[in-house]
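As stored in entry_36.cif (mmCIF, C-alpha atoms):
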data_entry
#
loop_
_atom_site.label_atom_id
_atom_site.label_comp_id
_atom_site.auth_asym_id
_atom_site.auth_seq_id
_atom_site.Cartn_x
_atom_site.Cartn_y
_atom_site.Cartn_z
CA GLY A 19 91.04 3.52 31.61
CA LYS A 20 94.39 3.70 33.26
CA ILE A 21 97.17 1.92 31.46
CA GLU A 22 99.09 0.55 34.41
CA ARG A 23 100.83 -2.71 35.18
CA ASN A 24 98.10 -4.36 37.26
CA LYS A 25 95.55 -4.03 34.45
CA GLY A 26 97.29 -6.67 32.34
CA PHE A 27 97.64 -4.77 29.08
CA ASP A 28 100.83 -6.68 28.33
CA LEU A 29 98.84 -9.91 28.70
CA ALA A 30 96.15 -8.54 26.39
CA ILE A 31 98.73 -7.87 23.70
CA GLU A 32 100.25 -11.33 24.07
CA VAL A 33 96.78 -12.90 23.94
CA PHE A 34 95.93 -10.89 20.86
CA ASN A 35 99.24 -11.78 19.20
CA ARG A 36 98.44 -15.47 19.67
CA PHE A 37 94.87 -15.00 18.43
CA ALA A 38 95.90 -12.84 15.44
CA ALA A 39 98.34 -15.49 14.22
CA ASP A 40 95.30 -17.52 13.11
CA ASN A 41 93.05 -14.53 12.46
CA PRO A 42 95.04 -12.08 10.33
CA ASN A 43 92.17 -9.61 9.89
CA ALA A 44 91.67 -9.16 13.63
CA GLU A 45 92.24 -5.80 15.29
CA MET A 46 92.34 -4.67 18.91
CA THR A 47 91.86 -1.20 20.36
CA ILE A 48 93.16 -0.15 23.76
CA VAL A 49 91.74 3.08 25.18
CA GLY A 50 93.39 5.01 27.98
CA GLU A 51 96.34 6.84 29.46
CA GLY A 52 98.81 5.94 32.14
CA PRO A 53 102.34 5.25 33.25
CA GLU A 54 102.70 2.05 31.22
CA LYS A 55 101.49 3.44 27.90
CA GLU A 56 104.96 3.78 26.36
CA GLU A 57 105.90 0.27 27.46
CA ILE A 58 102.72 -1.03 25.87
CA ARG A 59 103.48 0.92 22.69
CA ALA A 60 106.98 -0.66 22.64
CA LEU A 61 105.54 -4.15 23.13
CA ILE A 62 103.14 -3.59 20.23
CA ARG A 63 106.09 -2.48 18.08
CA ASP A 64 108.28 -5.41 19.21
CA MET A 65 105.54 -7.88 18.26
CA ASN A 66 105.00 -6.16 14.88
CA LEU A 67 101.39 -5.43 15.70
CA GLU A 68 101.29 -1.71 14.84
CA ASP A 69 98.79 -2.35 12.05
CA LYS A 70 96.52 -4.46 14.31
CA VAL A 71 96.66 -3.01 17.84
CA PHE A 72 95.62 0.61 18.20
CA LEU A 73 96.19 2.82 21.23
CA GLN A 74 93.64 5.57 21.66
CA ASN A 75 93.75 8.33 24.22
CA ARG A 76 91.30 8.45 27.08
CA MET A 77 87.85 9.46 25.85
CA GLU A 78 84.54 10.52 27.27
CA ARG A 79 82.37 7.63 28.48
CA GLU A 80 79.75 8.20 25.77
CA ASP A 81 82.44 7.93 23.08
CA LEU A 82 83.91 4.86 24.72
CA LEU A 83 80.53 3.14 24.71
CA LYS A 84 80.14 3.94 21.00
CA GLN A 85 83.59 2.43 20.39
CA MET A 86 82.64 -0.67 22.37
CA LYS A 87 79.48 -1.17 20.34
CA LEU A 88 81.63 -1.44 17.21
CA SER A 89 83.53 -4.37 18.74
CA ASP A 90 82.88 -8.10 18.76
CA ALA A 91 84.21 -9.00 22.22
CA PHE A 92 85.81 -7.44 25.29
CA LEU A 93 89.14 -8.77 26.55
CA PHE A 94 89.88 -7.95 30.21
CA PRO A 95 93.02 -9.65 31.53
CA SER A 96 93.27 -7.75 34.83
CA PHE A 97 93.90 -9.85 37.94
CA ARG A 98 93.31 -7.11 40.50
CA ASP A 99 90.64 -4.72 39.29
CA GLU A 100 88.17 -4.96 42.17
CA GLY A 101 85.32 -2.95 40.69
CA ALA A 102 85.81 -3.76 37.01
CA GLY A 103 83.13 -1.26 36.04
CA VAL A 104 84.38 -1.28 32.46
CA VAL A 105 83.33 -4.94 32.28
CA VAL A 106 79.77 -3.94 33.14
CA ASP A 107 79.95 -1.21 30.47
CA ALA A 108 81.06 -3.83 27.92
CA MET A 109 78.21 -6.10 28.98
CA ALA A 110 75.73 -3.23 28.61
CA CYS A 111 77.04 -2.75 25.06
CA GLY A 112 76.23 -6.38 24.29
CA LEU A 113 79.78 -7.72 24.28
CA PRO A 114 80.78 -11.16 25.44
CA VAL A 115 83.62 -10.78 27.94
CA VAL A 116 86.82 -12.80 28.12
CA CYS A 117 88.45 -12.24 31.50
CA VAL A 118 90.48 -13.72 34.32
CA ALA A 119 88.37 -15.37 37.02
CA ALA A 120 89.61 -12.95 39.67
CA GLY A 121 88.68 -9.59 41.11
CA GLY A 122 85.61 -7.72 39.98
CA SER A 123 85.46 -9.32 36.55
CA GLY A 124 85.36 -12.76 38.18
CA PHE A 125 82.28 -11.58 40.07
CA HIS A 126 80.50 -9.86 37.17
CA VAL A 127 81.05 -12.45 34.43
CA LYS A 128 79.12 -15.70 34.31
CA LYS A 129 79.28 -18.54 31.80
CA LYS A 130 76.17 -17.40 29.95
CA TRP A 131 77.71 -14.07 28.85
CA GLY A 132 81.43 -14.55 29.10
CA MET A 133 84.43 -16.78 29.44
CA LYS A 134 86.44 -16.72 32.65
CA ILE A 135 89.96 -18.08 32.63
CA GLN A 136 91.37 -19.47 35.83
CA PRO A 137 94.60 -17.70 36.90
CA LYS A 138 96.80 -20.81 36.72
CA GLY A 139 99.86 -19.02 35.43
CA ARG A 140 100.78 -16.47 32.82
CA GLN A 141 101.16 -18.83 29.85
CA TYR A 142 97.98 -20.71 30.77
CA VAL A 143 96.01 -17.45 30.85
CA ILE A 144 97.45 -16.34 27.50
CA ASP A 145 96.70 -19.67 25.84
CA GLU A 146 93.18 -19.98 27.23
CA MET A 147 92.20 -16.39 26.50
CA ALA A 148 93.41 -16.78 22.91
CA LYS A 149 91.35 -19.97 22.62
CA ALA A 150 88.31 -18.17 24.03
CA LEU A 151 88.68 -15.38 21.46
CA SER A 152 89.01 -17.98 18.70
CA ARG A 153 85.88 -19.74 19.88
CA LEU A 154 83.96 -16.46 19.82
CA ASN A 155 85.41 -15.57 16.43
CA LYS A 156 84.32 -18.86 14.88
CA SER A 157 80.69 -18.57 15.96
CA GLU A 158 78.62 -15.50 15.23
CA LYS A 159 75.71 -17.19 17.04
CA LEU A 160 77.79 -17.70 20.19
CA ARG A 161 78.89 -14.05 20.12
CA ALA A 162 75.32 -12.88 19.59
CA ASP A 163 73.86 -15.13 22.29
CA MET A 164 76.51 -14.23 24.86
CA GLY A 165 76.32 -10.56 23.94
CA GLU A 166 72.56 -10.49 24.37
CA ALA A 167 72.81 -12.34 27.69
CA ALA A 168 75.41 -9.79 28.82
CA ARG A 169 73.19 -6.89 27.78
CA GLN A 170 70.22 -8.43 29.58
CA ARG A 171 72.26 -9.01 32.75
CA ALA A 172 73.47 -5.40 32.73
CA ARG A 173 69.91 -4.17 32.21
CA GLU A 174 68.38 -6.35 34.92
CA TYR A 175 71.10 -6.10 37.53
CA TYR A 176 73.19 -2.96 37.07
CA GLU A 177 70.84 -0.22 35.86
CA TRP A 178 70.31 2.47 38.47
CA LYS A 179 66.58 1.77 38.88
CA GLN A 180 67.37 -1.90 39.58
CA LEU A 181 70.06 -1.21 42.19
CA GLY A 182 67.54 0.05 44.72
CA LYS A 183 65.28 -2.96 44.23
CA LEU A 184 68.18 -5.37 44.63
CA SER A 185 69.42 -3.58 47.74
CA LEU A 186 65.98 -3.74 49.32
CA ILE A 187 65.74 -7.44 48.58
CA HIS A 188 69.17 -8.01 50.06
CA ILE A 189 68.42 -5.99 53.20
CA SER A 190 65.14 -7.76 53.85
CA GLU A 191 66.65 -11.24 53.71
#

What would you get if you wrote out this structure as structure tokens?
Amino acid sequence: GKIERNKGFDLAIEVFNRFAADNPNAEMTIVGEGPEKEEIRALIRDMNLEDKVFLQNRMEREDLLKQMKLSDAFLFPSFRDEGAGVVVDAMACGLPVVCVAAGGSGFHVKKKWGMKIQPKGRQYVIDEMAKALSRLNKSEKLRADMGEAARQRAREYYEWKQLGKLSLIHISE
């Protein structure tokens, strides 16, 4: 994806820093390119997270999906990403999603397969997202159940063959 200010990568790093304080073996990978990449790299360095937060260059979608499938959860702190297609990709990979209840992610993510944090202020979002990650980290069953629900939702609602059926249902209403 594009590493730009409105995507909330700085929030993601602050959330992860809070989460990693209690979970020293945790790691986070950020994939993409963009105008804020060097600022994000500096923030990672300033927070002494170079051995825990990894920046990877933009990659082909197939490779990104493979990378996602190696993960335990998907953190998406963007407030303004209207489409949030990467959230649907994460869901299709069976990942529970932690996001802000705004924009496209607020639409795509439901309680059964993710945790939406109300945008009540920067510190509130950081604290609540870190708590959500901790909750997922403490329960393999919760991660598995939410991940499977996410995968099922992506399969039933977002696969190409389903889009036509859903559109026809919507039009006929």

Checklist line | Output check: residues returned by the PyMOL selection byres ((chain A and resi 98-103) around 10), as a list in words | finding: Asn24, Lys25, Gly26, Phe94, Pro95, Ser96, Phe97, Val104, Val105, Val106, Asp107, Ala108, Met109, Val118, Ala120, Gly121, Gly122, Ser123, Gly124, Phe125 and His126 of chain A

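You will find atom CA of Met65 of chain A at 18.9 Å from atom CA of Val49 of chain A.
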
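Relative to atom CA of Asp163 of chain A, atom CA of Gly139 of chain A is found at 29.4 Å.
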
Skip Gly132 of chain A itself and residues of its chain fewer than 2 positions away, then list as a PDB file with C-alpha atoms, keeping the file's coordinate frame all residues within 8 Å of it, counting only C-alpha atoms.
ATOM      1  CA  PRO A 114      80.780 -11.160  25.440  1.00  0.00           C
ATOM      2  CA  VAL A 115      83.620 -10.780  27.940  1.00  0.00           C
ATOM      3  CA  VAL A 116      86.820 -12.800  28.120  1.00  0.00           C
ATOM      4  CA  CYS A 117      88.450 -12.240  31.500  1.00  0.00           C
ATOM      5  CA  VAL A 127      81.050 -12.450  34.430  1.00  0.00           C
ATOM      6  CA  LYS A 128      79.120 -15.700  34.310  1.00  0.00           C
ATOM      7  CA  LYS A 129      79.280 -18.540  31.800  1.00  0.00           C
ATOM      8  CA  LYS A 130      76.170 -17.400  29.950  1.00  0.00           C
ATOM      9  CA  LYS A 134      86.440 -16.720  32.650  1.00  0.00           C
ATOM     10  CA  MET A 164      76.510 -14.230  24.860  1.00  0.00           C
ATOM     11  CA  ALA A 168      75.410  -9.790  28.820  1.00  0.00           C
TER      12      ALA A 168
END

Next item on the list: Decode the PyMOL selection byres ((chain A and resi 45) around 9) for the given file into explicit residues and return them as a list in words.
Entry: Phe34, Ala38, Pro42, Asn43, Ala44, Met46, Thr47, Asp69, Lys70, Val71 and Phe72 of chain A

Item checked: All residues 7 Å or closer to segment 142-157 of chain A, only C-alpha atoms, same chain fewer than 5 positions away omitted, as a list in words -> Leu29, Glu32, Val33, Phe34, Arg36, Phe37, Val116, Met133, Ile135 and Pro137 of chain A

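In this structure, atom CA of Asp81 of chain A sits 15.6 Å away from atom CA of Gly112 of chain A.
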
At a cut-off of 8 Å, using all atoms listed in the file, what residues contact segment 76-79 of chain A? Leave out same-chain residues fewer than 2 positions from it and give the result as a PDB file with C-alpha atoms, in the frame of the given file.
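Printed below is out10.pdb as written:
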ATOM      1  CA  GLY A  19      91.040   3.520  31.610  1.00  0.00           C
ATOM      2  CA  VAL A  49      91.740   3.080  25.180  1.00  0.00           C
ATOM      3  CA  GLY A  50      93.390   5.010  27.980  1.00  0.00           C
ATOM      4  CA  GLU A  51      96.340   6.840  29.460  1.00  0.00           C
ATOM      5  CA  GLN A  74      93.640   5.570  21.660  1.00  0.00           C
ATOM      6  CA  ASP A  81      82.440   7.930  23.080  1.00  0.00           C
ATOM      7  CA  LEU A  82      83.910   4.860  24.720  1.00  0.00           C
ATOM      8  CA  LEU A  83      80.530   3.140  24.710  1.00  0.00           C
TER       9      LEU A  83
END

Please provide as an mmCIF file with C-alpha atoms, keeping the file's coordinate frame all residues within 9 Å of Ile58 of chain A, with the sequence filter that same-chain residues fewer than 5 positions apart are discarded (counting all atoms listed in the file).
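around.cif, freshly written:
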data_model
loop_
_atom_site.group_PDB
_atom_site.id
_atom_site.type_symbol
_atom_site.label_atom_id
_atom_site.label_comp_id
_atom_site.auth_asym_id
_atom_site.auth_seq_id
_atom_site.Cartn_x
_atom_site.Cartn_y
_atom_site.Cartn_z
ATOM 1 C CA ILE A 21 97.170 1.920 31.460
ATOM 2 C CA PHE A 27 97.640 -4.770 29.080
ATOM 3 C CA ASP A 28 100.830 -6.680 28.330
ATOM 4 C CA ILE A 31 98.730 -7.870 23.700
ATOM 5 C CA ARG A 63 106.090 -2.480 18.080
ATOM 6 C CA LEU A 73 96.190 2.820 21.230
#

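Nearest-residue note for Met86 of chain A: choosing from A:Ala60, A:Ala172, A:Ile48, A:Lys55, the minimum distance belongs to A:Ile48, counting only C-alpha atoms.
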
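Of the listed residues A:Glu22, A:Arg173, A:Glu158, A:Glu166, the one whose atoms come nearest to Glu56 of chain A is A:Glu22, with distances taken using only C-alpha atoms.
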
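Of the residues under consideration (A:Arg171, A:Ala30, A:Asn35, A:Leu160), A:Ala30 shows the shortest atom-to-atom contact distance to Leu93 of chain A when counting only C-alpha atoms.
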
For segment 160-171 of chain A, supply all heavy atoms and report the output as a PDB file, in the frame of the given file.
ATOM      1  N   LEU A 160      77.287 -17.727  18.820  1.00  0.00           N
ATOM      2  CA  LEU A 160      77.790 -17.700  20.190  1.00  0.00           C
ATOM      3  C   LEU A 160      78.022 -16.254  20.638  1.00  0.00           C
ATOM      4  O   LEU A 160      77.621 -15.864  21.740  1.00  0.00           O
ATOM      5  CB  LEU A 160      79.082 -18.518  20.309  1.00  0.00           C
ATOM      6  CG  LEU A 160      79.724 -18.553  21.701  1.00  0.00           C
ATOM      7  CD1 LEU A 160      78.806 -19.211  22.719  1.00  0.00           C
ATOM      8  CD2 LEU A 160      81.068 -19.280  21.630  1.00  0.00           C
ATOM      9  N   ARG A 161      78.660 -15.458  19.796  1.00  0.00           N
ATOM     10  CA  ARG A 161      78.890 -14.050  20.120  1.00  0.00           C
ATOM     11  C   ARG A 161      77.573 -13.324  20.360  1.00  0.00           C
ATOM     12  O   ARG A 161      77.426 -12.573  21.329  1.00  0.00           O
ATOM     13  CB  ARG A 161      79.658 -13.330  19.007  1.00  0.00           C
ATOM     14  CG  ARG A 161      81.120 -13.605  18.969  1.00  0.00           C
ATOM     15  CD  ARG A 161      81.882 -12.642  18.068  1.00  0.00           C
ATOM     16  NE  ARG A 161      81.274 -12.333  16.788  1.00  0.00           N
ATOM     17  CZ  ARG A 161      81.411 -13.068  15.686  1.00  0.00           C
ATOM     18  NH1 ARG A 161      82.134 -14.179  15.715  1.00  0.00           N
ATOM     19  NH2 ARG A 161      80.831 -12.704  14.563  1.00  0.00           N
ATOM     20  N   ALA A 162      76.620 -13.552  19.475  1.00  0.00           N
ATOM     21  CA  ALA A 162      75.320 -12.880  19.590  1.00  0.00           C
ATOM     22  C   ALA A 162      74.585 -13.316  20.853  1.00  0.00           C
ATOM     23  O   ALA A 162      74.034 -12.479  21.586  1.00  0.00           O
ATOM     24  CB  ALA A 162      74.480 -13.147  18.349  1.00  0.00           C
ATOM     25  N   ASP A 163      74.564 -14.619  21.113  1.00  0.00           N
ATOM     26  CA  ASP A 163      73.860 -15.130  22.290  1.00  0.00           C
ATOM     27  C   ASP A 163      74.501 -14.627  23.581  1.00  0.00           C
ATOM     28  O   ASP A 163      73.809 -14.183  24.505  1.00  0.00           O
ATOM     29  CB  ASP A 163      73.836 -16.660  22.292  1.00  0.00           C
ATOM     30  CG  ASP A 163      72.923 -17.240  21.224  1.00  0.00           C
ATOM     31  OD1 ASP A 163      72.153 -16.476  20.594  1.00  0.00           O
ATOM     32  OD2 ASP A 163      72.995 -18.471  21.002  1.00  0.00           O
ATOM     33  N   MET A 164      75.829 -14.708  23.659  1.00  0.00           N
ATOM     34  CA  MET A 164      76.510 -14.230  24.860  1.00  0.00           C
ATOM     35  C   MET A 164      76.371 -12.716  25.007  1.00  0.00           C
ATOM     36  O   MET A 164      76.175 -12.218  26.117  1.00  0.00           O
ATOM     37  CB  MET A 164      77.993 -14.606  24.830  1.00  0.00           C
ATOM     38  CG  MET A 164      78.258 -16.061  25.103  1.00  0.00           C
ATOM     39  SD  MET A 164      80.040 -16.364  25.150  1.00  0.00           S
ATOM     40  CE  MET A 164      80.120 -17.295  26.669  1.00  0.00           C
ATOM     41  N   GLY A 165      76.466 -12.012  23.898  1.00  0.00           N
ATOM     42  CA  GLY A 165      76.320 -10.560  23.940  1.00  0.00           C
ATOM     43  C   GLY A 165      74.936 -10.146  24.418  1.00  0.00           C
ATOM     44  O   GLY A 165      74.805  -9.231  25.235  1.00  0.00           O
ATOM     45  N   GLU A 166      73.916 -10.816  23.930  1.00  0.00           N
ATOM     46  CA  GLU A 166      72.560 -10.490  24.370  1.00  0.00           C
ATOM     47  C   GLU A 166      72.359 -10.848  25.842  1.00  0.00           C
ATOM     48  O   GLU A 166      71.710 -10.104  26.587  1.00  0.00           O
ATOM     49  CB  GLU A 166      71.515 -11.196  23.497  1.00  0.00           C
ATOM     50  CG  GLU A 166      70.086 -10.819  23.834  1.00  0.00           C
ATOM     51  CD  GLU A 166      69.823  -9.318  23.858  1.00  0.00           C
ATOM     52  OE1 GLU A 166      70.379  -8.565  23.031  1.00  0.00           O
ATOM     53  OE2 GLU A 166      69.038  -8.865  24.730  1.00  0.00           O
ATOM     54  N   ALA A 167      72.896 -11.968  26.274  1.00  0.00           N
ATOM     55  CA  ALA A 167      72.810 -12.340  27.690  1.00  0.00           C
ATOM     56  C   ALA A 167      73.535 -11.312  28.562  1.00  0.00           C
ATOM     57  O   ALA A 167      73.067 -10.964  29.650  1.00  0.00           O
ATOM     58  CB  ALA A 167      73.384 -13.741  27.909  1.00  0.00           C
ATOM     59  N   ALA A 168      74.664 -10.818  28.084  1.00  0.00           N
ATOM     60  CA  ALA A 168      75.410  -9.790  28.820  1.00  0.00           C
ATOM     61  C   ALA A 168      74.592  -8.507  28.918  1.00  0.00           C
ATOM     62  O   ALA A 168      74.488  -7.899  29.993  1.00  0.00           O
ATOM     63  CB  ALA A 168      76.754  -9.517  28.126  1.00  0.00           C
ATOM     64  N   ARG A 169      74.012  -8.103  27.801  1.00  0.00           N
ATOM     65  CA  ARG A 169      73.190  -6.890  27.780  1.00  0.00           C
ATOM     66  C   ARG A 169      72.013  -7.031  28.747  1.00  0.00           C
ATOM     67  O   ARG A 169      71.696  -6.134  29.513  1.00  0.00           O
ATOM     68  CB  ARG A 169      72.694  -6.610  26.362  1.00  0.00           C
ATOM     69  CG  ARG A 169      71.950  -5.305  26.231  1.00  0.00           C
ATOM     70  CD  ARG A 169      71.353  -5.033  24.844  1.00  0.00           C
ATOM     71  NE  ARG A 169      71.810  -5.820  23.735  1.00  0.00           N
ATOM     72  CZ  ARG A 169      72.842  -5.514  22.933  1.00  0.00           C
ATOM     73  NH1 ARG A 169      73.546  -4.433  23.164  1.00  0.00           N
ATOM     74  NH2 ARG A 169      73.165  -6.291  21.929  1.00  0.00           N
ATOM     75  N   GLN A 170      71.370  -8.182  28.711  1.00  0.00           N
ATOM     76  CA  GLN A 170      70.220  -8.430  29.580  1.00  0.00           C
ATOM     77  C   GLN A 170      70.638  -8.407  31.046  1.00  0.00           C
ATOM     78  O   GLN A 170      69.952  -7.825  31.881  1.00  0.00           O
ATOM     79  CB  GLN A 170      69.585  -9.782  29.221  1.00  0.00           C
ATOM     80  CG  GLN A 170      68.259 -10.020  29.873  1.00  0.00           C
ATOM     81  CD  GLN A 170      67.193  -9.037  29.404  1.00  0.00           C
ATOM     82  OE1 GLN A 170      67.227  -8.539  28.289  1.00  0.00           O
ATOM     83  NE2 GLN A 170      66.258  -8.732  30.269  1.00  0.00           N
ATOM     84  N   ARG A 171      71.760  -9.013  31.374  1.00  0.00           N
ATOM     85  CA  ARG A 171      72.260  -9.010  32.750  1.00  0.00           C
ATOM     86  C   ARG A 171      72.539  -7.580  33.215  1.00  0.00           C
ATOM     87  O   ARG A 171      72.167  -7.197  34.328  1.00  0.00           O
ATOM     88  CB  ARG A 171      73.534  -9.854  32.853  1.00  0.00           C
ATOM     89  CG  ARG A 171      74.226  -9.779  34.178  1.00  0.00           C
ATOM     90  CD  ARG A 171      73.406 -10.367  35.289  1.00  0.00           C
ATOM     91  NE  ARG A 171      74.214 -10.414  36.507  1.00  0.00           N
ATOM     92  CZ  ARG A 171      73.827 -10.956  37.623  1.00  0.00           C
ATOM     93  NH1 ARG A 171      72.639 -11.527  37.691  1.00  0.00           N
ATOM     94  NH2 ARG A 171      74.603 -10.965  38.686  1.00  0.00           N
TER      95      ARG A 171
END
